[in-house]
There are 4 protein chains.
Amino acid sequence: MKQIKIGVVGATGYTGEELIRILAGHPQVELTYVSGKEDRSEKIQDIFPYLEGKVDLACKAFSAEEAIEKTDLVFLSLPHTVSMQYVPLFLKAGKKVIDVSADYRLKDPAVYEKFYKAPHADTANLEQAVYGIPEIHRVEIKSAELVANPGCYPTGAILGLLPGLNPPTGGGVFAPDTIQIDAKSGVTGAGRKAVKELSFSEVNESLKAYKLFEHQHVPEIDQELSNAAGENVNVVFVPHLIPINRGILSTIYVKLSKTIDTERLLKIYAEFYKGEPFVHVYEAGRLPEVRHVANTNLCHIGLKVNTDKALAVIVVAIDNLGKGAAGQAVQNMNVMCGFEETTALL
Amino acid sequence: MKQIKIGVVGATGYTGEELIRILAGHPQVELTYVSGKEDRSEKIQDIFPYLEGKVDLACKAFSAEEAIEKTDLVFLSLPHTVSMQYVPLFLKAGKKVIDVSADYRLKDPAVYEKFYKAPHADTANLEQAVYGIPEIHRVEIKSAELVANPGCYPTGAILGLLPGLNPPTGGGVFAPDTIQIDAKSGVTGAGRKAVKELSFSEVNESLKAYKLFEHQHVPEIDQELSNAAGENVNVVFVPHLIPINRGILSTIYVKLSKTIDTERLLKIYAEFYKGEPFVHVYEAGRLPEVRHVANTNLCHIGLKVNTDKALAVIVVAIDNLGKGAAGQAVQNMNVMCGFEETTALL
Amino acid sequence: MKQIKIGVVGATGYTGEELIRILAGHPQVELTYVSGKEDRSEKIQDIFPYLEGKVDLACKAFSAEEAIEKTDLVFLSLPHTVSMQYVPLFLKAGKKVIDVSADYRLKDPAVYEKFYKAPHADTANLEQAVYGIPEIHRVEIKSAELVANPGCYPTGAILGLLPGLNPPTGGGVFAPDTIQIDAKSGVTGAGRKAVKELSFSEVNESLKAYKLFEHQHVPEIDQELSNAAGENVNVVFVPHLIPINRGILSTIYVKLSKTIDTERLLKIYAEFYKGEPFVHVYEAGRLPEVRHVANTNLCHIGLKVNTDKALAVIVVAIDNLGKGAAGQAVQNMNVMCGFEETTALL
Amino acid sequence: MKQIKIGVVGATGYTGEELIRILAGHPQVELTYVSGKEDRSEKIQDIFPYLEGKVDLACKAFSAEEAIEKTDLVFLSLPHTVSMQYVPLFLKAGKKVIDVSADYRLKDPAVYEKFYKAPHADTANLEQAVYGIPEIHRVEIKSAELVANPGCYPTGAILGLLPGLNPPTGGGVFAPDTIQIDAKSGVTGAGRKAVKELSFSEVNESLKAYKLFEHQHVPEIDQELSNAAGENVNVVFVPHLIPINRGILSTIYVKLSKTIDTERLLKIYAEFYKGEPFVHVYEAGRLPEVRHVANTNLCHIGLKVNTDKALAVIVVAIDNLGKGAAGQAVQNMNVMCGFEETTALL
């Protein structure tokens, strides 16, 4: 039954850990290679002791050669700018790659360079990379060799805006130049790092906004929304750090370009996501909460129209490590490998 | 040295508790009366054991007669619609009142009735009530007999918007009809209550928005901002519940009516709050965090202009029990009684 | 493939919710009946919206008749003293019962009455009830009609002490009359309730001990340890409330009756739990942490011997809703129904 | 009124920050020198923005020379083994020193070397150093030039055990060789550090025990309890890390050497701490909670006797940064300088 050999490069970070947790329960894949940084132990189950009895695998220092030899498909959870050094090697060797870094998300290398402070080193493969939100790009993902797994903030923002920008029935109801995203993220979104600003007593019992207008996730959001809207979209994006482990709640403000009420807008959303196993649109009067999507691959969406102001407020909840990272990455793998899309995912 | 006898009615809630904590350290006042609900003990220091050795006072079932007899000034921390039944008695007896409920905040009884679902029962005194933000109404507060202590959300929102709506040099730089307030509050803001939705495991590790556009604090904000702007203001207000005890972070989005950059807008704010002991405007590049205002009466403000979008984002941090409730109430008392305004306040 | 029809009575509490979450992913059972209290909606997926698309089931007011008609096996998550009113009905109708309440845990009705302030109403079935820790009573559970699912505290304490009281090689190494259990529990352990003491701001940023020596879980621990030790055991038990959602860490102090060092004691533990899929004994120098067992059915055990004091300290981590409640209940179901014991469990 | 010039060396850690917060409100002292590490800004109020308007002081790289020149009394919040390099310089210059490190707490240099892995470099001054718990050593502190401010865990443990080891009426009621301390600490106790283990998502929603039997605070506890008991005491000490910012709850288990019940033991405690402004002994049936001592210099003690087991369980709550560090340091300063002992302390 185990059909595919899987590697996770960068297994000791939060996304890597979540990938392994999910993949350990996937009936059609076998974890055959994991690598970590200086904080690795000999065995991955020594680092994450709940894996004891489920996974028995050395956690190596990363070797592309060994990873290529041992796997059919690899998840690369490497730092930005590092990933693109290795992706070509995997692709050349005929391996499928799901890149969790930002290296293949932005189609325009100039935009990449602006936000990641380094020229893109693999523009050759950039073109074929598919932006990995299955709800939008399912067909391309099916045949992709390289999937760029989206950022956590973009996943919530894009899923929350797409139906109104580009309804199934045609004719957007949102004014694309008026989008303001007030996003609130749990702390795992910042990665497993030894930095004072992320230490418990600095984050706990506090709240802050950061990187106003200049977060590196902005161009991802703009790229996908521009595609959907058929015009150039530049969002206002204000992220906040919230003292929870997992979850993003995005509160999105957008002006309506047509007169529409809450019920009818919800209908557009429900229609747009009909049949999607991981996206759930709430009925009028109810809004999503992070606790209902934590530890899942779900995206919950609620909204309300303010008629006086010709404004819609859309509230989107995801787990930043689920639909915002590892969950979506496994969903992409399921699509790429022809597995049932929901396999191993909650 | 103890010049004034003080009562706290509704002493067992979060605001009541914070009032007593602050007043116990105030050198010019003496706590002479406290009352609580069914959850009171015989002594207030049995309920809040850190008061042992500082306060020795029975915690009674509320009797207006007894409160009037024993106090010169009373803080009323009663439920909305209850307060206005008792305020007239205190005023008639010549006592000063700081009403922590919403009963005297809204000048228009029709608006009050709309949001609090009851006709106003004391319109006679409504007119003389002063909305208690000393940074705006200091002169009126000085001679007031009745101060309506503001709501926690309004305090942050109003202080964060006033300078740009009504700069010291005249001529607003904000378009008043474009204000959107995305507010994030700690849980004490909801009061000390036995309700399932506020229990630890429902709130912890979660986030949610609630009461979109229809929170009862909206008319307070509109009233004060309309006064400042000299025109009718209706804000978009979206509150969120955040798993921290104390603190509100308000992220305010407003369109600019004039071309202005971050530095110059900050200069207007700094000028506006010059000399104010409790309001601090950050320099460009820095934003407030809740942890720096928690357990204080401070209001910290930072902002950034998005020139492309002709938009300002203002971030305001207060402690909802400090500047958002009990702290500001004591500040009001200090002004009303001619004490040094910062006495007993951090 | 769905072989068994399952009911969850008391589905809206934390244990009920967790049962449904787990059972929704179980390939061999079908949820056919759920009931809740006054806080139920029409559909269980409206209460727990992450179930949307996975479960579609009305959430009824409890009717024993309907539950009996619709199910083969029922989980009863009812209050203590209520459960024993209904258990006989289910048993008489030939249904298997896993009772999550305390009603069938204590073999001695007099002890039950002392701790639960009510005489036992179903002593007839009490005798046949099996105390549901599969690691101890697997054989009896296999053929049981009625399993008394253990309390959360007892599960951790018993699993942590058993190997030293009754080693596989015979001859206890612990002095049974010296056991002191300092237990720290997350807040879901107290149930989903509207009580002020459990509200977020009362629990968050605090710690407390409660019910010293008199917690109702004491007799369960004593009963099972007495059986294991072959003599009367009375533990000292001090529970604490900790501001986390899920998890119990029990720090157990016990005097050694024989000279033994950490390595050799660990060997006894490893031998005792050899082959157990859910119990993991750490190597010397490492201790369990709640985060590694949260959201699982795992029990992690570490320990260290203080030779000077002839004392062992055993640290046990479980998830109070996992191995401490719903996880173990499903493990019991798997054993009772002849399913693979780990099915649907992490 | 400002009589004394004060320096805080190591001002950017949690204890340093708390010292400055308290001292900024002290009417009889003036902060004249603060120094920090690489993370300092030009001004201390830029690091801790709530100090704006209260303190205006450069935050320098530490220079003992400058500190000596500018101060009468200095708080040294330096790492262990560093402090003892500078203390002699301050003392020689006639300055009073309150050392917050562990360097002068242990009277026996051999024990110091064993636990801090370095020989003591200033045994000359070690002898005159007074262990700074005013409730025990008030007379010596009054005339001390050098006070060794106690560790956070020892403060709670010692205050919780002293009355029973050495009652005012003579004749201990505790068996000194049976003491077991199960301590639970908030995260600020570990200091402001960039280490992965203390990052938010590692600590939040988890619990763990650490350093069983070998924590460096053990010899402090043993030293002071041995003095009190008049015999050699070696405690069993098991610390735990809890996801709160501030506070320690110590649950202490000790065998009774005499028959005594809860009421009579409480009477001994109440008598022992009679008149102490910061220590509060609860009545029977009530136990301390961290939330009631957080942000204060208080120590709250409750207890219960288990007659069957001839055991007392004592529960002690302090704030690890209050009575466990900065609060007690200021209390010591007040005693050393002849100020009212409670000045500036809650």
# chains A, B, ... in the order shown; residues from 1 in each chain; ligands from 1

call {"tool": "interface_residues", "arguments": {"of": "chain D", "to": "chain C", "cutoff": "8 Å", "atoms": "only C-alpha atoms", "output": "compact mmCIF listing (two decimals) with C-alpha atoms, in the first residue's frame"}}
result
# COMPACT_ATOMS: atom_id res chain seq x y z
CA ASP D 182 7.23 20.61 44.39
CA GLU D 202 7.58 25.56 23.25
CA ASN D 204 2.73 27.58 26.01
CA GLU D 205 0.17 24.80 26.50
CA SER D 206 2.83 22.62 28.10
CA LEU D 207 4.26 21.72 31.50
CA LYS D 208 7.49 20.06 32.52
CA ALA D 209 9.67 19.23 35.48
CA TYR D 210 13.40 19.95 35.22
CA LEU D 212 15.30 17.10 39.57
CA PHE D 213 17.26 17.20 42.87
CA ILE D 242 4.53 26.68 33.90
CA PRO D 243 3.16 28.83 31.06
CA ILE D 244 2.59 32.04 32.99
CA ASN D 245 4.80 35.12 33.08
CA ARG D 246 5.10 35.74 36.78
CA GLY D 247 4.62 33.70 39.92
CA LEU D 249 3.50 28.25 43.64
CA LEU D 287 -5.16 28.37 49.92
CA PRO D 288 -3.14 30.98 48.05
CA GLU D 289 -3.32 31.55 44.30
CA VAL D 290 -0.65 33.14 42.15
CA ARG D 291 -3.01 35.80 40.78
CA LYS D 304 -3.47 21.64 55.57
CA ASN D 306 -3.21 15.18 56.89
CA VAL D 315 1.23 25.99 49.73

call {"tool": "select_by_dssp", "arguments": {"residues": "region 199-265 of chain C", "states": "strand (DSSP E or B)", "output": "count of residues only"}}
result
18

call {"tool": "residues_around", "arguments": {"residues": "region 27-42 of chain B", "least_positions_apart": "6", "cutoff": "10 Å", "atoms": "only C-alpha atoms", "output": "ChimeraX atom specification"}}
result
/B:1-13,16,20,48,55-64,66-78,334,337,339,343-344

call {"tool": "write_last_selection", "arguments": {"atoms": "C-alpha atoms", "output": "JSON list (two decimals), in the first residue's frame"}}
result
[["chain", "number", "residue", "atom", "x", "y", "z"],
["B", 1, "MET", "CA", -4.17, 64.04, 54.55],
["B", 2, "LYS", "CA", -7.18, 61.81, 53.72],
["B", 3, "GLN", "CA", -9.53, 64.48, 52.43],
["B", 4, "ILE", "CA", -12.28, 62.63, 50.67],
["B", 5, "LYS", "CA", -14.45, 59.65, 51.54],
["B", 6, "ILE", "CA", -14.92, 57.30, 48.64],
["B", 7, "GLY", "CA", -17.39, 54.55, 47.83],
["B", 8, "VAL", "CA", -17.14, 51.83, 45.21],
["B", 9, "VAL", "CA", -20.47, 50.32, 44.30],
["B", 10, "GLY", "CA", -20.02, 47.07, 42.39],
["B", 11, "ALA", "CA", -16.67, 46.32, 43.93],
["B", 12, "THR", "CA", -16.39, 42.65, 43.05],
["B", 13, "GLY", "CA", -16.19, 43.02, 39.27],
["B", 16, "GLY", "CA", -14.44, 47.53, 40.89],
["B", 20, "ILE", "CA", -10.07, 49.48, 45.01],
["B", 48, "PHE", "CA", -9.08, 40.18, 47.29],
["B", 55, "VAL", "CA", -7.98, 47.89, 53.51],
["B", 56, "ASP", "CA", -10.30, 46.69, 56.24],
["B", 57, "LEU", "CA", -13.83, 47.23, 55.07],
["B", 58, "ALA", "CA", -17.08, 45.31, 55.02],
["B", 59, "CYS", "CA", -18.37, 44.47, 51.56],
["B", 60, "LYS", "CA", -22.08, 45.15, 51.79],
["B", 61, "ALA", "CA", -25.14, 44.47, 49.71],
["B", 62, "PHE", "CA", -25.70, 47.79, 47.97],
["B", 63, "SER", "CA", -27.74, 50.36, 49.84],
["B", 64, "ALA", "CA", -27.87, 53.80, 48.25],
["B", 66, "GLU", "CA", -25.78, 53.90, 53.32],
["B", 67, "ALA", "CA", -23.49, 54.80, 50.44],
["B", 68, "ILE", "CA", -24.73, 58.38, 50.50],
["B", 69, "GLU", "CA", -24.25, 58.61, 54.22],
["B", 70, "LYS", "CA", -20.71, 57.33, 54.18],
["B", 71, "THR", "CA", -19.13, 58.93, 51.12],
["B", 72, "ASP", "CA", -18.30, 62.20, 49.42],
["B", 73, "LEU", "CA", -17.73, 60.66, 46.00],
["B", 74, "VAL", "CA", -18.88, 57.37, 44.62],
["B", 75, "PHE", "CA", -17.77, 55.19, 41.75],
["B", 76, "LEU", "CA", -20.76, 53.33, 40.37],
["B", 77, "SER", "CA", -19.76, 50.12, 38.71],
["B", 78, "LEU", "CA", -23.29, 48.86, 38.19],
["B", 334, "ASN", "CA", -8.18, 63.42, 40.64],
["B", 337, "CYS", "CA", -11.17, 66.79, 43.38],
["B", 339, "PHE", "CA", -5.66, 66.48, 43.24],
["B", 343, "THR", "CA", -1.75, 60.60, 41.91],
["B", 344, "ALA", "CA", -1.88, 56.84, 42.60]]

call {"tool": "residues_around", "arguments": {"residues": "region 275-279 of chain A", "least_positions_apart": "2", "cutoff": "7 Å", "atoms": "only C-alpha atoms", "output": "list of chain:residue names"}}
result
A:Tyr273, A:Val281, A:Asn297, A:Leu298, A:Cys299, A:His300

call {"tool": "select_by_dssp", "arguments": {"residues": "region 129-321 of chain D", "states": "alpha helix (DSSP H)", "output": "MDAnalysis selection string"}}
result
chainID D and resid 134:142 152:165 200:203 218:229 262:272

call {"tool": "write_last_selection", "arguments": {"atoms": "C-alpha atoms", "output": "PDB file, in the first residue's frame"}}
result
ATOM      1  CA  PRO D 134      14.087  40.604  55.998  1.00  0.00           C
ATOM      2  CA  GLU D 135      11.528  38.409  57.773  1.00  0.00           C
ATOM      3  CA  ILE D 136      14.483  36.331  59.027  1.00  0.00           C
ATOM      4  CA  HIS D 137      17.537  38.562  58.982  1.00  0.00           C
ATOM      5  CA  ARG D 138      16.094  42.046  59.445  1.00  0.00           C
ATOM      6  CA  VAL D 139      18.528  43.091  62.167  1.00  0.00           C
ATOM      7  CA  GLU D 140      21.618  42.094  60.202  1.00  0.00           C
ATOM      8  CA  ILE D 141      20.281  43.656  57.001  1.00  0.00           C
ATOM      9  CA  LYS D 142      19.853  46.980  58.789  1.00  0.00           C
ATOM     10  CA  CYS D 152      13.089  33.078  43.834  1.00  0.00           C
ATOM     11  CA  TYR D 153      12.493  29.413  44.677  1.00  0.00           C
ATOM     12  CA  PRO D 154      14.334  29.653  48.039  1.00  0.00           C
ATOM     13  CA  THR D 155      12.307  32.673  49.131  1.00  0.00           C
ATOM     14  CA  GLY D 156       9.022  30.792  48.821  1.00  0.00           C
ATOM     15  CA  ALA D 157      10.342  27.542  50.236  1.00  0.00           C
ATOM     16  CA  ILE D 158      12.086  29.087  53.230  1.00  0.00           C
ATOM     17  CA  LEU D 159       9.196  31.351  54.188  1.00  0.00           C
ATOM     18  CA  GLY D 160       6.871  28.369  53.866  1.00  0.00           C
ATOM     19  CA  LEU D 161       8.880  26.087  56.137  1.00  0.00           C
ATOM     20  CA  LEU D 162      10.467  28.281  58.756  1.00  0.00           C
ATOM     21  CA  PRO D 163       7.581  28.563  61.199  1.00  0.00           C
ATOM     22  CA  GLY D 164       7.198  24.799  61.491  1.00  0.00           C
ATOM     23  CA  LEU D 165      10.918  24.141  61.744  1.00  0.00           C
ATOM     24  CA  PHE D 200       6.463  30.967  23.308  1.00  0.00           C
ATOM     25  CA  SER D 201       5.312  27.947  21.346  1.00  0.00           C
ATOM     26  CA  GLU D 202       7.582  25.565  23.253  1.00  0.00           C
ATOM     27  CA  VAL D 203       6.361  26.657  26.667  1.00  0.00           C
ATOM     28  CA  VAL D 218      18.809  23.653  46.549  1.00  0.00           C
ATOM     29  CA  PRO D 219      21.874  24.606  48.629  1.00  0.00           C
ATOM     30  CA  GLU D 220      20.356  28.017  49.470  1.00  0.00           C
ATOM     31  CA  ILE D 221      17.252  26.326  50.797  1.00  0.00           C
ATOM     32  CA  ASP D 222      19.310  23.761  52.705  1.00  0.00           C
ATOM     33  CA  GLN D 223      21.542  26.435  54.228  1.00  0.00           C
ATOM     34  CA  GLU D 224      18.740  28.569  55.601  1.00  0.00           C
ATOM     35  CA  LEU D 225      16.576  25.673  56.749  1.00  0.00           C
ATOM     36  CA  SER D 226      19.563  24.035  58.457  1.00  0.00           C
ATOM     37  CA  ASN D 227      20.160  27.263  60.359  1.00  0.00           C
ATOM     38  CA  ALA D 228      16.529  27.368  61.372  1.00  0.00           C
ATOM     39  CA  ALA D 229      16.262  23.713  62.298  1.00  0.00           C
ATOM     40  CA  THR D 262      -4.383  22.335  60.752  1.00  0.00           C
ATOM     41  CA  GLU D 263      -5.739  25.000  63.075  1.00  0.00           C
ATOM     42  CA  ARG D 264      -2.907  24.765  65.547  1.00  0.00           C
ATOM     43  CA  LEU D 265      -0.252  24.680  62.871  1.00  0.00           C
ATOM     44  CA  LEU D 266      -1.794  27.755  61.256  1.00  0.00           C
ATOM     45  CA  LYS D 267      -1.664  29.468  64.618  1.00  0.00           C
ATOM     46  CA  ILE D 268       2.094  28.899  64.762  1.00  0.00           C
ATOM     47  CA  TYR D 269       2.443  30.370  61.278  1.00  0.00           C
ATOM     48  CA  ALA D 270       0.247  33.362  62.052  1.00  0.00           C
ATOM     49  CA  GLU D 271       2.209  34.038  65.226  1.00  0.00           C
ATOM     50  CA  PHE D 272       5.509  33.682  63.384  1.00  0.00           C
TER      51      PHE D 272
END

call {"tool": "atom_distance", "arguments": {"atom1": "CA of Pro176 (chain D)", "atom2": "CA of Val254 (chain D)"}}
result
7.7 Å

call {"tool": "atom_distance", "arguments": {"atom1": "CA of Gly189 (chain B)", "atom2": "CA of Glu283 (chain A)"}}
result
27.4 Å
